Every structure is written in structure tokens, then in C-alpha cells.
file target.cif (mmCIF, C-alpha atoms (C1' of nucleotides))
data_input
#
loop_
_atom_site.label_atom_id
_atom_site.label_comp_id
_atom_site.auth_asym_id
_atom_site.auth_seq_id
_atom_site.Cartn_x
_atom_site.Cartn_y
_atom_site.Cartn_z
CA MET P 222 -19.80 105.39 22.55
CA ASP P 223 -18.63 104.54 19.07
CA ALA P 224 -21.97 102.97 18.37
CA ASP P 225 -23.47 105.55 16.12
CA VAL P 226 -26.94 104.15 15.99
CA PRO P 227 -29.45 106.35 14.24
CA ALA P 228 -32.21 107.19 16.70
CA ASP P 229 -34.73 106.52 14.03
CA GLY P 230 -34.53 103.71 11.51
CA HIS P 231 -35.12 105.05 8.05
CA ALA P 232 -36.98 102.05 6.83
CA GLY P 233 -36.05 100.95 3.37
CA ARG P 234 -33.41 103.54 2.67
CA ARG P 235 -30.68 102.04 0.59
CA GLY P 236 -27.04 102.81 0.91
CA ASP P 237 -26.43 102.39 4.58
CA THR P 238 -25.70 98.71 4.75
CA ARG P 239 -24.64 98.85 8.36
CA ALA P 240 -28.03 100.10 9.48
CA ARG P 241 -29.81 97.56 7.32
CA ILE P 242 -27.81 94.79 8.92
CA GLN P 243 -28.79 96.04 12.36
CA ARG P 244 -32.44 96.20 11.45
CA VAL P 245 -32.61 92.74 9.92
CA ALA P 246 -30.51 91.18 12.64
CA LEU P 247 -32.66 92.61 15.40
CA GLU P 248 -35.74 91.41 13.60
CA LEU P 249 -34.46 87.87 13.33
CA PHE P 250 -32.92 87.78 16.79
CA ALA P 251 -36.17 88.93 18.39
CA GLU P 252 -38.17 86.50 16.32
CA GLN P 253 -36.11 83.33 16.50
CA GLY P 254 -33.64 83.95 19.25
CA TYR P 255 -29.97 84.88 19.12
CA ASP P 256 -28.50 81.39 18.96
CA ALA P 257 -31.07 80.12 16.53
CA THR P 258 -30.20 82.88 14.08
CA SER P 259 -27.07 82.39 12.02
CA LEU P 260 -25.10 85.01 10.19
CA ARG P 261 -25.80 83.15 6.98
CA GLU P 262 -29.49 83.71 7.59
CA ILE P 263 -29.04 87.42 8.16
CA ALA P 264 -26.87 87.75 5.09
CA GLU P 265 -29.33 85.85 2.92
CA ARG P 266 -32.24 88.05 3.89
CA LEU P 267 -30.15 91.09 3.03
CA GLY P 268 -29.03 89.62 -0.27
CA VAL P 269 -25.36 89.71 0.69
CA THR P 270 -22.91 87.16 2.02
CA LYS P 271 -21.64 86.45 5.47
CA ALA P 272 -18.29 87.99 4.67
CA ALA P 273 -19.96 91.29 3.96
CA LEU P 274 -21.28 91.29 7.49
CA TYR P 275 -17.78 90.93 8.81
CA TYR P 276 -16.79 94.07 7.00
CA HIS P 277 -19.25 96.06 9.10
CA PHE P 278 -19.12 94.17 12.40
CA LYS P 279 -16.24 92.33 13.95
CA SER P 280 -18.37 89.49 15.30
CA LYS P 281 -21.90 88.26 15.76
CA GLU P 282 -22.02 89.66 19.24
CA ASP P 283 -20.77 92.99 17.99
CA ILE P 284 -24.01 93.31 16.08
CA VAL P 285 -25.97 92.80 19.26
CA ARG P 286 -23.87 95.27 21.14
CA SER P 287 -24.43 97.92 18.50
CA PHE P 288 -28.10 98.20 19.35
CA SER P 289 -28.35 96.91 22.89
CA GLU P 290 -25.83 99.42 24.14
CA ASP P 291 -28.05 102.09 22.76
CA HIS P 292 -30.87 100.85 24.93
CA PHE P 293 -28.76 100.95 28.08
CA CYS P 294 -27.58 104.43 27.18
CA ARG P 295 -31.17 105.57 27.13
CA MET P 296 -31.69 104.16 30.59
CA ASP P 297 -28.54 105.90 31.76
CA SER P 298 -29.79 109.17 30.36
CA LEU P 299 -33.02 108.72 32.26
CA ILE P 300 -31.11 108.05 35.45
CA ASP P 301 -28.94 111.11 34.93
CA TRP P 302 -31.95 113.25 34.29
CA ALA P 303 -33.75 111.91 37.36
CA ARG P 304 -30.78 112.64 39.59
CA GLN P 305 -31.07 116.29 38.74
CA GLN P 306 -34.74 116.54 39.62
CA PRO P 307 -36.14 117.33 43.06
CA PRO P 308 -37.19 114.06 44.70
CA GLY P 309 -40.91 113.65 45.11
CA PRO P 310 -44.07 112.16 43.69
CA ALA P 311 -44.11 114.39 40.62
CA THR P 312 -40.61 113.35 39.62
CA GLY P 313 -41.48 109.75 40.43
CA HIS P 314 -44.38 109.83 38.06
CA GLU P 315 -42.28 111.33 35.32
CA ILE P 316 -39.61 108.68 35.75
CA LEU P 317 -42.22 106.00 35.18
CA GLU P 318 -43.59 107.86 32.20
CA ARG P 319 -40.20 108.32 30.60
CA TYR P 320 -39.34 104.70 31.26
CA LEU P 321 -42.46 103.67 29.43
CA THR P 322 -41.52 105.91 26.53
CA ILE P 323 -38.11 104.31 26.29
CA LEU P 324 -39.69 100.88 26.17
CA ILE P 325 -42.20 101.90 23.54
CA GLU P 326 -39.59 103.43 21.28
CA GLY P 327 -37.19 100.54 21.67
CA SER P 328 -39.65 97.77 22.15
CA ASP P 329 -37.96 95.46 19.66
CA VAL P 330 -34.66 95.79 21.42
CA PHE P 331 -36.30 95.32 24.78
CA ARG P 332 -38.17 92.25 23.69
CA PHE P 333 -34.98 90.86 22.30
CA LEU P 334 -33.07 91.50 25.51
CA GLU P 335 -35.81 89.99 27.59
CA GLN P 336 -36.23 86.82 25.62
CA ASN P 337 -32.54 86.17 25.18
CA GLN P 338 -31.34 86.82 28.70
CA ALA P 339 -29.88 83.38 29.03
CA THR P 340 -27.71 83.38 25.95
CA LEU P 341 -26.38 86.90 25.98
CA ARG P 342 -23.16 87.61 27.68
CA SER P 343 -21.02 90.68 27.43
CA GLY P 344 -17.75 89.87 25.75
CA ASP P 345 -15.62 91.37 28.47
CA ASP P 346 -16.58 89.94 31.81
CA GLY P 347 -18.81 87.08 30.80
CA LYS P 348 -21.70 88.40 32.81
CA HIS P 349 -25.28 88.14 31.69
CA ARG P 350 -26.65 91.16 29.98
CA PHE P 351 -29.40 91.05 32.53
CA GLU P 352 -26.70 92.10 34.95
CA GLN P 353 -26.43 95.28 32.95
CA PHE P 354 -30.13 95.84 33.43
CA ARG P 355 -30.48 95.07 37.09
CA PRO P 356 -28.28 97.84 38.55
CA ARG P 357 -29.96 100.39 36.34
CA LEU P 358 -33.36 99.21 37.49
CA TYR P 359 -32.26 99.48 41.09
CA ALA P 360 -30.93 102.97 40.46
CA LEU P 361 -34.31 104.02 39.14
CA VAL P 362 -36.05 102.41 42.09
CA ASP P 363 -33.81 104.31 44.47
CA LEU P 364 -34.57 107.54 42.71
CA LEU P 365 -38.26 106.94 43.24
CA ILE P 366 -38.19 105.99 46.89
CA GLY P 367 -34.80 107.01 48.22
CA PRO P 368 -31.99 104.68 49.28
CA ASP P 369 -33.30 104.18 52.82
CA ALA P 370 -36.77 102.99 51.96
CA THR P 371 -38.28 99.83 53.35
CA THR P 372 -38.03 96.52 51.59
CA ARG P 373 -41.74 96.66 50.98
CA ALA P 374 -41.39 99.98 49.17
CA ARG P 375 -38.51 98.65 47.13
CA ILE P 376 -40.36 95.57 46.01
CA ARG P 377 -43.51 97.49 45.16
CA THR P 378 -41.53 99.95 43.08
CA THR P 379 -39.70 97.19 41.28
CA ALA P 380 -43.05 95.60 40.56
CA ALA P 381 -44.18 98.89 39.07
CA PHE P 382 -41.38 98.82 36.52
CA PHE P 383 -42.05 95.21 35.66
CA SER P 384 -45.74 95.89 35.32
CA ILE P 385 -44.93 98.52 32.77
CA SER P 386 -42.81 96.27 30.63
CA ALA P 387 -45.00 93.20 30.94
CA SER P 388 -48.21 95.07 30.17
CA LEU P 389 -46.65 96.75 27.21
CA MET P 390 -45.27 93.57 25.73
CA LEU P 391 -48.50 91.64 26.15
CA TYR P 392 -51.05 94.23 25.13
CA ARG P 393 -49.36 96.56 22.69
CA ASP P 394 -50.66 94.66 19.68
CA GLN P 395 -54.17 94.31 20.98
CA ALA P 396 -56.69 95.59 18.48
CA ASP P 397 -59.26 96.73 21.01
CA THR P 398 -56.91 99.05 22.85
CA SER P 399 -55.44 102.23 21.44
CA PRO P 400 -51.87 103.14 22.31
CA GLU P 401 -53.10 106.15 24.26
CA GLU P 402 -55.55 104.06 26.25
CA LEU P 403 -52.90 101.45 26.94
CA ARG P 404 -50.45 104.08 28.05
CA LYS P 405 -52.99 105.54 30.45
CA ILE P 406 -53.80 102.18 31.99
CA ILE P 407 -50.15 101.20 32.37
CA LEU P 408 -49.24 104.44 34.09
CA GLU P 409 -52.22 104.14 36.38
CA ILE P 410 -50.95 100.75 37.50
CA ALA P 411 -47.44 102.02 38.03
CA ASP P 412 -48.68 105.02 39.98
CA ASP P 413 -50.83 102.83 42.20
CA LEU P 414 -47.85 100.68 43.05
CA THR P 415 -45.65 103.64 43.93
CA ARG P 416 -48.19 105.71 45.80
CA ASP P 417 -47.39 106.72 49.39
CA LEU P 418 -44.07 104.97 49.54
CA GLY P 419 -41.24 107.40 49.88
CA TYR P 420 -40.70 111.08 50.60
CA PRO P 421 -43.75 111.43 52.84
CA MET H 301 -29.09 68.52 48.50
CA ASP H 302 -27.15 65.34 48.00
CA ALA H 303 -25.18 64.70 44.90
CA ASP H 304 -23.40 61.92 46.66
CA VAL H 305 -22.64 58.59 45.19
CA PRO H 306 -24.17 55.73 47.17
CA ALA H 307 -21.60 54.16 49.43
CA ASP H 308 -22.45 50.63 48.46
CA GLY H 309 -20.41 48.90 45.87
CA HIS H 310 -21.05 48.49 42.19
CA ALA H 311 -24.82 48.57 42.20
CA GLY H 312 -24.37 52.16 41.08
CA ARG H 313 -26.91 54.95 41.26
CA ARG H 314 -29.79 52.54 41.21
CA GLY H 315 -32.81 54.17 39.60
CA ASP H 316 -31.94 57.76 40.33
CA THR H 317 -29.69 58.49 37.39
CA ARG H 318 -32.54 59.89 35.41
CA ALA H 319 -33.41 62.26 38.23
CA ARG H 320 -29.79 63.29 38.62
CA ILE H 321 -29.59 64.13 34.96
CA GLN H 322 -32.68 66.28 35.28
CA ARG H 323 -31.33 68.10 38.29
CA VAL H 324 -27.92 68.83 36.78
CA ALA H 325 -29.36 69.76 33.41
CA LEU H 326 -31.84 72.19 34.90
CA GLU H 327 -29.09 73.72 36.97
CA LEU H 328 -26.86 74.28 33.96
CA PHE H 329 -29.67 75.35 31.65
CA ALA H 330 -30.87 77.95 34.16
CA GLU H 331 -27.36 79.14 34.78
CA GLN H 332 -25.86 79.30 31.30
CA GLY H 333 -28.81 78.99 28.99
CA TYR H 334 -30.11 76.08 26.98
CA ASP H 335 -28.03 76.55 23.85
CA ALA H 336 -24.88 77.37 25.72
CA THR H 337 -25.08 74.12 27.64
CA SER H 338 -23.88 71.05 25.79
CA LEU H 339 -24.71 67.47 26.56
CA ARG H 340 -21.01 66.88 27.03
CA GLU H 341 -21.03 69.43 29.83
CA ILE H 342 -23.96 67.79 31.57
CA ALA H 343 -22.40 64.39 31.21
CA GLU H 344 -19.06 65.57 32.55
CA ARG H 345 -20.56 67.08 35.66
CA LEU H 346 -22.37 63.82 36.31
CA GLY H 347 -19.27 61.76 35.69
CA VAL H 348 -20.80 59.87 32.79
CA THR H 349 -20.63 60.18 29.03
CA LYS H 350 -22.96 61.74 26.53
CA ALA H 351 -24.11 58.35 25.36
CA ALA H 352 -25.39 57.52 28.82
CA LEU H 353 -27.69 60.51 28.60
CA TYR H 354 -29.18 59.14 25.45
CA TYR H 355 -30.13 56.00 27.27
CA HIS H 356 -32.42 57.99 29.55
CA PHE H 357 -33.62 60.71 27.19
CA LYS H 358 -34.16 60.53 23.50
CA SER H 359 -32.84 64.03 22.81
CA LYS H 360 -31.64 67.20 24.44
CA GLU H 361 -35.04 68.73 24.20
CA ASP H 362 -36.57 65.66 25.76
CA ILE H 363 -34.69 66.54 28.93
CA VAL H 364 -36.25 69.96 28.95
CA ARG H 365 -39.68 68.58 28.34
CA SER H 366 -39.37 66.21 31.25
CA PHE H 367 -39.39 69.04 33.75
CA SER H 368 -41.07 71.89 31.95
CA GLU H 369 -44.16 69.84 31.26
CA ASP H 370 -44.45 69.29 34.96
CA HIS H 371 -44.61 73.02 35.49
CA PHE H 372 -47.41 73.49 32.98
CA CYS H 373 -49.30 70.61 34.56
CA ARG H 374 -49.24 72.44 37.85
CA MET H 375 -50.68 75.50 36.20
CA ASP H 376 -53.37 73.35 34.60
CA SER H 377 -54.22 71.87 37.97
CA LEU H 378 -54.59 75.35 39.40
CA ILE H 379 -56.87 76.32 36.55
CA ASP H 380 -58.99 73.21 37.02
CA TRP H 381 -59.26 73.85 40.72
CA ALA H 382 -60.19 77.49 40.18
CA ARG H 383 -62.94 76.57 37.75
CA GLN H 384 -64.66 74.61 40.48
CA GLN H 385 -64.67 77.46 42.98
CA PRO H 386 -67.33 80.10 43.34
CA PRO H 387 -66.15 83.26 41.55
CA GLY H 388 -65.34 86.12 43.85
CA PRO H 389 -62.62 88.01 45.69
CA ALA H 390 -61.88 85.16 48.07
CA THR H 391 -61.26 82.72 45.26
CA GLY H 392 -59.30 85.39 43.44
CA HIS H 393 -56.98 85.81 46.34
CA GLU H 394 -56.45 82.10 46.64
CA ILE H 395 -55.62 81.81 42.95
CA LEU H 396 -52.87 84.36 43.39
CA GLU H 397 -51.63 82.62 46.49
CA ARG H 398 -51.53 79.22 44.85
CA TYR H 399 -49.83 80.68 41.80
CA LEU H 400 -47.13 82.08 44.03
CA THR H 401 -46.72 78.70 45.69
CA ILE H 402 -46.25 77.03 42.33
CA LEU H 403 -43.56 79.52 41.41
CA ILE H 404 -41.77 79.12 44.70
CA GLU H 405 -41.73 75.36 44.50
CA GLY H 406 -40.64 75.32 40.89
CA SER H 407 -38.62 78.49 40.81
CA ASP H 408 -35.68 76.91 39.02
CA VAL H 409 -37.90 75.64 36.25
CA PHE H 410 -39.67 78.96 36.03
CA ARG H 411 -36.47 80.92 35.87
CA PHE H 412 -35.25 78.60 33.18
CA LEU H 413 -38.42 78.98 31.12
CA GLU H 414 -38.34 82.73 31.49
CA GLN H 415 -34.76 83.23 30.50
CA ASN H 416 -34.81 80.83 27.60
CA GLN H 417 -38.03 81.88 25.94
CA ALA H 418 -36.32 82.62 22.70
CA THR H 419 -34.58 79.33 22.19
CA LEU H 420 -37.21 76.91 23.37
CA ARG H 421 -39.60 75.46 20.90
CA SER H 422 -41.86 72.52 21.34
CA GLY H 423 -40.85 69.69 19.08
CA ASP H 424 -44.28 69.21 17.58
CA ASP H 425 -45.64 72.48 16.32
CA GLY H 426 -42.55 74.63 16.47
CA LYS H 427 -44.22 77.17 18.68
CA HIS H 428 -42.42 79.02 21.41
CA ARG H 429 -42.85 77.58 24.83
CA PHE H 430 -44.01 81.00 25.89
CA GLU H 431 -47.04 80.23 23.80
CA GLN H 432 -47.75 77.43 26.21
CA PHE H 433 -47.64 79.88 29.07
CA ARG H 434 -49.69 82.70 27.65
CA PRO H 435 -53.05 80.91 27.26
CA ARG H 436 -52.75 79.54 30.77
CA LEU H 437 -52.06 82.99 32.12
CA TYR H 438 -55.09 84.34 30.29
CA ALA H 439 -57.21 81.52 31.67
CA LEU H 440 -56.20 82.47 35.18
CA VAL H 441 -56.88 86.12 34.48
CA ASP H 442 -60.35 85.25 33.23
CA LEU H 443 -61.01 83.24 36.34
CA LEU H 444 -60.20 86.25 38.46
CA ILE H 445 -62.22 88.85 36.63
CA GLY H 446 -64.61 86.98 34.38
CA PRO H 447 -64.50 86.81 30.58
CA ASP H 448 -66.43 90.05 30.07
CA ALA H 449 -64.25 92.34 32.13
CA THR H 450 -62.84 95.59 30.82
CA THR H 451 -59.44 95.84 29.18
CA ARG H 452 -58.27 97.84 32.17
CA ALA H 453 -59.22 95.03 34.53
CA ARG H 454 -57.53 92.49 32.30
CA ILE H 455 -54.27 94.41 32.13
CA ARG H 456 -54.22 95.07 35.85
CA THR H 457 -54.76 91.43 36.62
CA THR H 458 -52.07 90.37 34.19
CA ALA H 459 -49.76 92.83 35.89
CA ALA H 460 -50.58 91.19 39.19
CA PHE H 461 -49.32 87.84 37.97
CA PHE H 462 -46.18 89.36 36.53
CA SER H 463 -45.55 91.28 39.71
CA ILE H 464 -45.63 88.01 41.59
CA SER H 465 -43.07 86.33 39.38
CA ALA H 466 -40.79 89.32 38.98
CA SER H 467 -40.74 90.12 42.68
CA LEU H 468 -40.05 86.54 43.57
CA MET H 469 -37.22 86.17 41.10
CA LEU H 470 -35.53 89.40 42.13
CA TYR H 471 -35.91 89.27 45.88
CA ARG H 472 -36.07 85.64 46.89
CA ASP H 473 -32.37 85.51 47.67
CA GLN H 474 -32.29 88.76 49.56
CA ALA H 475 -30.75 88.28 52.99
CA ASP H 476 -32.74 91.00 54.70
CA THR H 477 -36.11 89.58 53.80
CA SER H 478 -37.51 86.32 55.15
CA PRO H 479 -39.53 84.11 52.83
CA GLU H 480 -42.63 84.77 54.91
CA GLU H 481 -42.17 88.53 54.76
CA LEU H 482 -41.55 88.38 51.02
CA ARG H 483 -44.62 86.26 50.51
CA LYS H 484 -46.74 88.74 52.43
CA ILE H 485 -45.46 91.71 50.44
CA ILE H 486 -45.91 90.00 47.10
CA LEU H 487 -49.48 89.00 47.85
CA GLU H 488 -50.27 92.48 49.07
CA ILE H 489 -49.14 93.84 45.71
CA ALA H 490 -51.15 91.30 43.78
CA ASP H 491 -54.24 91.96 45.87
CA ASP H 492 -53.94 95.70 45.35
CA LEU H 493 -53.82 95.23 41.61
CA THR H 494 -56.88 92.99 41.55
CA ARG H 495 -59.01 94.88 44.02
CA ASP H 496 -62.46 96.07 42.91
CA LEU H 497 -62.16 94.77 39.38
CA GLY H 498 -64.66 92.02 38.75
CA TYR H 499 -67.63 90.44 40.40
CA PRO H 500 -68.80 93.62 42.16
"C1'" DG I 11 -17.70 96.64 -0.24
"C1'" DT I 12 -18.65 92.50 -1.66
"C1'" DC I 13 -17.48 88.04 -3.21
"C1'" DT I 14 -15.78 82.69 -3.09
"C1'" DA I 15 -13.74 79.32 -0.52
"C1'" DT I 16 -12.36 77.23 3.44
"C1'" DA I 17 -10.48 76.70 7.90
"C1'" DG I 18 -11.41 75.26 12.49
"C1'" DA I 19 -14.31 74.05 16.12
"C1'" DC I 20 -18.23 72.18 18.33
"C1'" DG I 21 -22.56 70.06 19.03
"C1'" DG I 22 -26.21 66.49 18.60
"C1'" DA I 23 -26.94 62.01 17.71
"C1'" DT I 24 -25.91 56.91 16.62
"C1'" DA I 25 -23.54 52.15 16.57
"C1'" DG I 26 -21.97 48.57 18.89
"C1'" DA I 27 -18.87 46.52 22.55
"C1'" DC I 28 -18.91 45.30 27.42
"C1'" DG K 668 -26.42 51.30 32.02
"C1'" DT K 669 -22.47 52.87 30.63
"C1'" DC K 670 -18.67 53.05 27.61
"C1'" DT K 671 -15.58 54.31 23.15
"C1'" DA K 672 -15.58 55.92 18.72
"C1'" DT K 673 -17.43 58.28 15.04
"C1'" DC K 674 -20.60 60.43 11.66
"C1'" DC K 675 -22.59 64.45 10.09
"C1'" DG K 676 -24.24 68.84 10.23
"C1'" DT K 677 -23.83 73.74 11.32
"C1'" DC K 678 -21.72 77.52 12.89
"C1'" DT K 679 -18.29 81.54 13.46
"C1'" DA K 680 -14.59 83.54 11.51
"C1'" DT K 681 -10.70 84.39 8.21
"C1'" DA K 682 -7.96 84.72 3.69
"C1'" DG K 683 -7.58 86.63 -0.41
"C1'" DA K 684 -9.49 87.77 -5.19
"C1'" DC K 685 -12.19 91.39 -7.66
#

call {"tool": "encode", "arguments": {"input": "target.cif", "output": "C-alpha cells"}}
result
Amino acid sequence: MDADVPADGHAGRRGDTRARIQRVALELFAEQGYDATSLREIAERLGVTKAALYYHFKSKEDIVRSFSEDHFCRMDSLIDWARQQPPGPATGHEILERYLTILIEGSDVFRFLEQNQATLRSGDDGKHRFEQFRPRLYALVDLLIGPDATTRARIRTTAAFFSISASLMLYRDQADTSPEELRKIILEIADDLTRDLGYP
Amino acid sequence: MDADVPADGHAGRRGDTRARIQRVALELFAEQGYDATSLREIAERLGVTKAALYYHFKSKEDIVRSFSEDHFCRMDSLIDWARQQPPGPATGHEILERYLTILIEGSDVFRFLEQNQATLRSGDDGKHRFEQFRPRLYALVDLLIGPDATTRARIRTTAAFFSISASLMLYRDQADTSPEELRKIILEIADDLTRDLGYP
DNA sequence: GTCTATAGACGGATAGAC
DNA sequence: GTCTATCCGTCTATAGAC
């Protein structure tokens, strides 16, 4: 809501300290983990002091929220879009494709969220951030197969989404595979797992 | 299980204190995260003090190692076994099946390792524990499809392993699905992803 | 907007008595 | 094997000057 995160990080541009903090923090969080990264460390890499950070963000977790909320918003947008489409295989395929795009564009955030599941809690209710992911995942699954599908269909579709994220994370930096090739292979897998499941 | 104190007098917990520490620690680590769980917390739940923990384990990370190493040993055993089998679809299927069994039997450890990737480092080389998982996963993938398989085959097979773990973690506590049914569905998915890939 | 300085809390680890 | 007591480090967060 109030998190005005630029959709595209203008790398290196000076002047917007807030965005630079976000970029460096995400980098360090994804690399070393949330707990293992101190505010002092972030400040040092930026060439400022801890106190400067507190001018822009009210707490350490507020920094996380500023970019992780953006990621969940993108998922919500996808869900909203999908709800307005006619159910069917074509829409199903496009959901998977758009999901992949979201992960590609926010892969740093996603990696961070994935690897720090255990330590991240939302400030309000104390629930794991993974609990912010799970209902959205289920919503997408339902949109692919309908709410009355079999358990088998539900599990297969869930596996499709996880195959997308796992494949992307493991193979996106592989030299022998172009991004286009990787994208094709990933979507083929996801399509195979969701074929002939719902809306017959 | 039984967290009960032996009924007999002062002889205490006999030799099982070490095991009780492991059980409680794993529980808390998996639930709250490694960093978020203090030794004080573990000690309190056990009804002992922090210092008692240090009698049994030389550090906090030593507690983790005591059960996470066991998990990697199981994966190594699977790899060793697989190397001695004739390559082919039948062996491939059994690899997937045995992998699933390992995850089921050590699901708490696996969940812990998965959710704490970011914070866990091995004491020696400072590498992420995930880096202890990745080469083993690749070894299993190679055993299913051979070292000269296409990238497509490699990604699909990797996705098969991730589908197994993700499906298990998300659906193992679902009331409407029996463990047998779940097992069947999961293996069906994994088989689909590894069908017609290697050893034609 | 950024700084210095410090409060305030907590965690891991150790020493030594029993 | 377990305890009490404590050291020492690091961290988040705040106060107030410039």
C-alpha cells in the first residue's frame, strides 16, 4: 500500500537512498540470511551509519516488508486477473506462465523468502511469512482446477508450481541453458503436471 | 511419544538426556527457526539449564549437526545402493520410492533443513548446508538419467525430486488423504516426470 | 539526512561448586 | 550430570547534535 517500491531498480542511481537501502539489504539478506545480516553491515556497505537507516525505515523488519509485500501484491494481481478469465486449459497455461514471469522478475525476493522462511514473521500476528504464501498458492491451484477437484489433481497442480520455482532457482544460472530454453522446459513440465485435470 | 520422566527415583533420565535434547531442539528449530530458538528455551522446556546442554553438546550448532548429518548419511546410503543397481526405469522408480521413504521418516529434519537454509552453515568451510544437499541431489539425478542426458531430462528429473518433497510437506497432514493414498499420488507424479528420459 | 554515542536486551559460552 | 553465576560479544533501537 504505502510501499512505493519502484518496479525496476535503477542500478547505481544516486540520490534515492531508500531504494539503495532496499537493494543492498535484499542482496545481503538473500546471501547471508536475515538474522545473520545486521543493520551495521547494511549501513557499512552503503557508506552510511545505522541511524541513517532508521530515518528511512522504522525497523529491520520494515525493510523486509517493503520489498516482500511487493512480491505478494504481484501474486494477488495474478489471482485477480485469473478470476476474471474463463476457466479452462488456456487460462491455466497462462496462469503458469505469468507465475513464472513473476518469479523471474523478482527472483531475488523469492529466493530470499524461500531461504528465510523460518526466521520471518509478520509483525502483526506472528505468523510465518510462508503462511502468506500458502493461501495464495492454493488460490492459484483452485483457479487452475476448480474448487471441487480431486486431491490428486490438487497435489499435481501444487507440484507444478513448485516445479516452476525449484527449476528456476536451480538452473537459472546454468551456462549451457539460455533463458528462453529454460523457460520452455519449465513450462512444459508445468503443463504436463496440469494436463487433463480439471474442466474436462 | 513419551516425554515422561521415569517413575523411578533419583537415577534420573539415565542415558536418554542426549536424545531428549535432540528431540526438543529439533522440534523448536523446525517450529521457530534456528536463530529464533535460544539454548535457554530448549533447556527450559526440558527442565534443565543451559549449562547441562553444554555437557552433551559442545555448541548450539553441534546439536544441529547431530541430526542433520544423519539425514545426509541416509541420502549417501541411497546413492551407494543406487550405484550398485543396473541402470534402468525399474531402478529409477525405486530410487524415487526410497527417496520418498527417507523424507517421510525424517520429515522433521527435512523440514528444518529446508526452512533454515539461510542461517545454517557448516562449521568447517562456512558453506551453506544447502550445498551439502545439492551435490547429493545431482548424484541421484545422474543415477536416474545417466551423466550424458539432455538438460531437459536433467531439469525434469530434478523437478521430480522437488515434487516429492513439496507434495509431502504440504499434504502430509491433510485429513482427507491417507498416507498410502498420498504416497501413491506422489510417486505417480515423480514417475510421470521421469518417464522416457534416459536409458531408452 | 546523516552523524556520534549509548541505552537496553539477549544470546552463546565458560568456570567451578555439588 | 546438573546446577548457579557470570563474562563477553552483538544486536536493535533511540536521543540528540549538526

call {"tool": "interface_residues", "arguments": {"input": "target.cif", "of": "chain I", "to": "chain H", "cutoff": "9 Å", "atoms": "only C-alpha atoms (C1' of nucleotides)", "output": "ChimeraX atom specification"}}
result
/I:21-23

call {"tool": "calpha_fit_rmsd", "arguments": {"input": "target.cif", "fixed": "chain P", "moving": "chain H"}}
result
5.3 Å

call {"tool": "residues_around", "arguments": {"input": "target.cif", "residues": "Arg239 in chain P", "least_positions_apart": "4", "cutoff": "9 Å", "atoms": "all atoms listed in the file", "output": "ChimeraX atom specification"}}
result
/P:243-244,274,277-278

call {"tool": "interface_residues", "arguments": {"input": "target.cif", "of": "chain H", "to": "chain P", "cutoff": "6 Å", "atoms": "only C-alpha atoms", "output": "list in words"}}
result
Gly333, Gln415, Asn416, Gln417, Ala418, Thr419, Ala459 and Ser463 of chain H

call {"tool": "closest_residue", "arguments": {"input": "target.cif", "among": "P:Asp291, P:Leu365, P:Leu249, P:Met390", "to": "Pro310 in chain P", "atoms": "only C-alpha atoms"}}
result
P:Leu365

call {"tool": "interface_residues", "arguments": {"input": "target.cif", "of": "chain K", "to": "chain P", "cutoff": "9 Å", "atoms": "all atoms listed in the file", "output": "PyMOL selection string"}}
result
chain K and resi 678-680

call {"tool": "residues_around", "arguments": {"input": "target.cif", "residues": "DT673 in chain K", "least_positions_apart": "3", "cutoff": "12 Å", "atoms": "only C-alpha atoms (C1' of nucleotides)", "output": "list in words"}}
result
DA23, DT24, DA25 and DG26 of chain I

call {"tool": "resolve_selection", "arguments": {"input": "target.cif", "expression": "the PyMOL selection byres ((chain P and resi 311) around 12)", "output": "compact mmCIF listing (two decimals) with C-alpha atoms, in the frame of the given file"}}
result
# COMPACT_ATOMS: atom_id res chain seq x y z
CA ALA P 303 -33.75 111.91 37.36
CA GLN P 306 -34.74 116.54 39.62
CA PRO P 307 -36.14 117.33 43.06
CA PRO P 308 -37.19 114.06 44.70
CA GLY P 309 -40.91 113.65 45.11
CA PRO P 310 -44.07 112.16 43.69
CA THR P 312 -40.61 113.35 39.62
CA GLY P 313 -41.48 109.75 40.43
CA HIS P 314 -44.38 109.83 38.06
CA GLU P 315 -42.28 111.33 35.32
CA ILE P 316 -39.61 108.68 35.75
CA LEU P 317 -42.22 106.00 35.18
CA GLU P 318 -43.59 107.86 32.20
CA LEU P 364 -34.57 107.54 42.71
CA LEU P 365 -38.26 106.94 43.24
CA ASP P 412 -48.68 105.02 39.98
CA THR P 415 -45.65 103.64 43.93
CA ARG P 416 -48.19 105.71 45.80
CA GLY P 419 -41.24 107.40 49.88
CA TYR P 420 -40.70 111.08 50.60

call {"tool": "atom_distance", "arguments": {"input": "target.cif", "atom1": "CA of Arg483 in chain H", "atom2": "CA of Gln384 in chain H"}}
result
25.3 Å
